[in-house]
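Notes follow once the structure below has been shown.
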Amino acid sequence: MLVNISSPLKRDEIKALLEASENPTFKFVKMKTPIEMQFEVTYADGTDGDPCSYAKKLIKAQPWGAVLMVRALIEGQAFTGGKVG
């Protein structure tokens, strides 16, 4: 599954943080825009979850994450300004 992570700051740190994750694994694919990174996300056999919530949780747990605006969407998911599932 493809997940897009948008942040105006700390993109290198976010990329390194997500790529260090073991389950799910995040593999950087490309920069979609100057602030939006795309990752291929895979879960270990027999496991699954919500990669967007997981990514945001990892980012927000960093010392700089609490003040950082981050958007995480599954590729193709529309952001309408409401709560992102």
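The chains in the structure tokens are called A, B, ... from first to last as shown; in each chain the residues are counted from 1, and the ligands are counted from 1 in the order shown.
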
Exercise for the section: Would you kindly return, as JSON, numbers by chain, each protein, DNA or RNA residue with an atom no farther than 9 Å from any atom of A:Ile14, considering only C-alpha atoms and excluding same-chain residues fewer than 6 positions away? Expected result: {"A": [5, 7, 58, 59]}

Could you name the residues that touch A:Met31 at 12 Å or less, counting only C-alpha atoms, but leaving out those on the same chain fewer than 3 positions away, as a CSV table (one decimal) with N, CA and C atoms, in the first residue's frame?
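Once everything was written out, this is result_32.csv:
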chain,number,residue,atom,x,y,z
A,3,VAL,N,1.5,5.1,1.0
A,3,VAL,CA,1.1,6.1,2.0
A,3,VAL,C,1.9,7.4,1.7
A,4,ASN,N,1.2,8.5,1.7
A,4,ASN,CA,1.8,9.8,1.5
A,4,ASN,C,1.9,10.6,2.8
A,5,ILE,N,3.1,11.1,3.1
A,5,ILE,CA,3.3,11.8,4.4
A,5,ILE,C,3.7,13.2,3.9
A,6,SER,N,3.0,14.2,4.4
A,6,SER,CA,3.3,15.6,4.1
A,6,SER,C,3.8,16.4,5.3
A,7,SER,N,4.8,17.1,5.2
A,7,SER,CA,5.3,17.9,6.3
A,7,SER,C,6.2,19.0,5.7
A,11,ARG,N,11.7,16.7,6.9
A,11,ARG,CA,11.4,15.6,6.0
A,11,ARG,C,12.5,14.5,6.1
A,12,ASP,N,13.8,15.0,6.1
A,12,ASP,CA,14.9,14.0,6.2
A,12,ASP,C,14.8,13.1,7.5
A,15,LYS,N,11.8,10.8,7.1
A,15,LYS,CA,12.1,9.7,6.2
A,15,LYS,C,12.9,8.6,6.9
A,28,PHE,N,10.8,4.4,1.1
A,28,PHE,CA,10.7,5.6,0.4
A,28,PHE,C,10.6,5.3,-1.1
A,34,PRO,N,7.1,19.1,-3.3
A,34,PRO,CA,8.2,19.6,-2.4
A,34,PRO,C,8.0,19.2,-0.9
A,35,ILE,N,6.8,19.0,-0.5
A,35,ILE,CA,6.6,18.6,0.9
A,35,ILE,C,6.0,17.3,1.1
A,36,GLU,N,5.6,16.6,0.1
A,36,GLU,CA,4.9,15.3,0.2
A,36,GLU,C,5.8,14.1,-0.2
A,37,MET,N,6.0,13.2,0.7
A,37,MET,CA,6.8,12.0,0.5
A,37,MET,C,5.9,10.8,0.3
A,38,GLN,N,6.3,9.9,-0.6
A,38,GLN,CA,5.5,8.7,-0.8
A,38,GLN,C,6.3,7.5,-0.3
A,39,PHE,N,5.6,6.6,0.4
A,39,PHE,CA,6.2,5.4,0.9
A,39,PHE,C,5.4,4.1,0.6

Exercise for the section: Within 12 Å of A:Gly49, counting only C-alpha atoms, which residues show up once you throw out same-chain ones fewer than 5 positions away? Write them as an NGL selection string, please. Expected result: :A and (1 or 23-25 or 41-44 or 54-55 or 85)

Practice task
Rank nothing, just name the residue among A:Lys32, A:Ala66, A:Thr47, A:Lys57 nearest to A:Leu18, using only C-alpha atoms.
Solution key: A:Lys57

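What separates atom CA of A:Lys30 from atom CA of A:Asp48 is a distance of 23.4 Å.
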
Handout entry: Å distance separating atom CA of A:Lys27 from atom CA of A:Glu40, one decimal place
Key =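 Computing it gives 5.1 Å between the two atoms.
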
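Compared by their closest atoms to A:Cys52, and using only C-alpha atoms, the residues A:Leu73, A:Gly65, A:Glu22, A:Thr33 rank with A:Leu73 nearest.
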
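Counting only C-alpha atoms, the residue from A:Ile74, A:Ala61, A:Leu2, A:Met69 that sits nearest to A:Val29 is A:Leu2.
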
Practice task
Choose the residue, out of A:Pro51, A:Gly76, A:Gly46, A:Pro63, that has the smallest atom-to-atom separation from A:Lys10; count only C-alpha atoms.
Solution key: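 With only C-alpha atoms as the atom set, the closest residue is A:Pro63.
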
Handout entry: DSSP-assigned strand (DSSP E or B) among chain A, expressed as a list of chain:residue names
Key = A:Leu2, A:Val3, A:Asn4, A:Ile5, A:Ser6, A:Thr25, A:Phe26, A:Lys27, A:Phe28, A:Val29, A:Lys30, A:Met31, A:Glu36, A:Met37, A:Gln38, A:Phe39, A:Glu40, A:Val41, A:Thr42, A:Arg71, A:Ala72, A:Leu73, A:Ile74

If you run DSSP on the backbone here, which positions in stretch 36-83 of chain A get helix (DSSP H, G or I)? Please write them as a compact mmCIF listing (two decimals) with C-alpha atoms, in the first residue's frame.
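So states-v2.txt came out as:
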# COMPACT_ATOMS: atom_id res chain seq x y z
CA PRO A 51 -0.11 2.82 8.58
CA CYS A 52 -1.22 6.47 8.60
CA SER A 53 -1.99 6.50 12.33
CA TYR A 54 1.19 4.53 13.04
CA ALA A 55 3.35 6.98 11.07
CA LYS A 56 1.80 9.99 12.80
CA LYS A 57 2.28 8.34 16.22
CA LEU A 58 5.98 7.72 15.49
CA ILE A 59 6.50 11.28 14.30
CA LYS A 60 4.59 12.90 17.18
CA GLY A 65 7.10 16.07 16.59
CA ALA A 66 4.60 17.66 18.93
CA VAL A 67 4.86 21.02 17.18
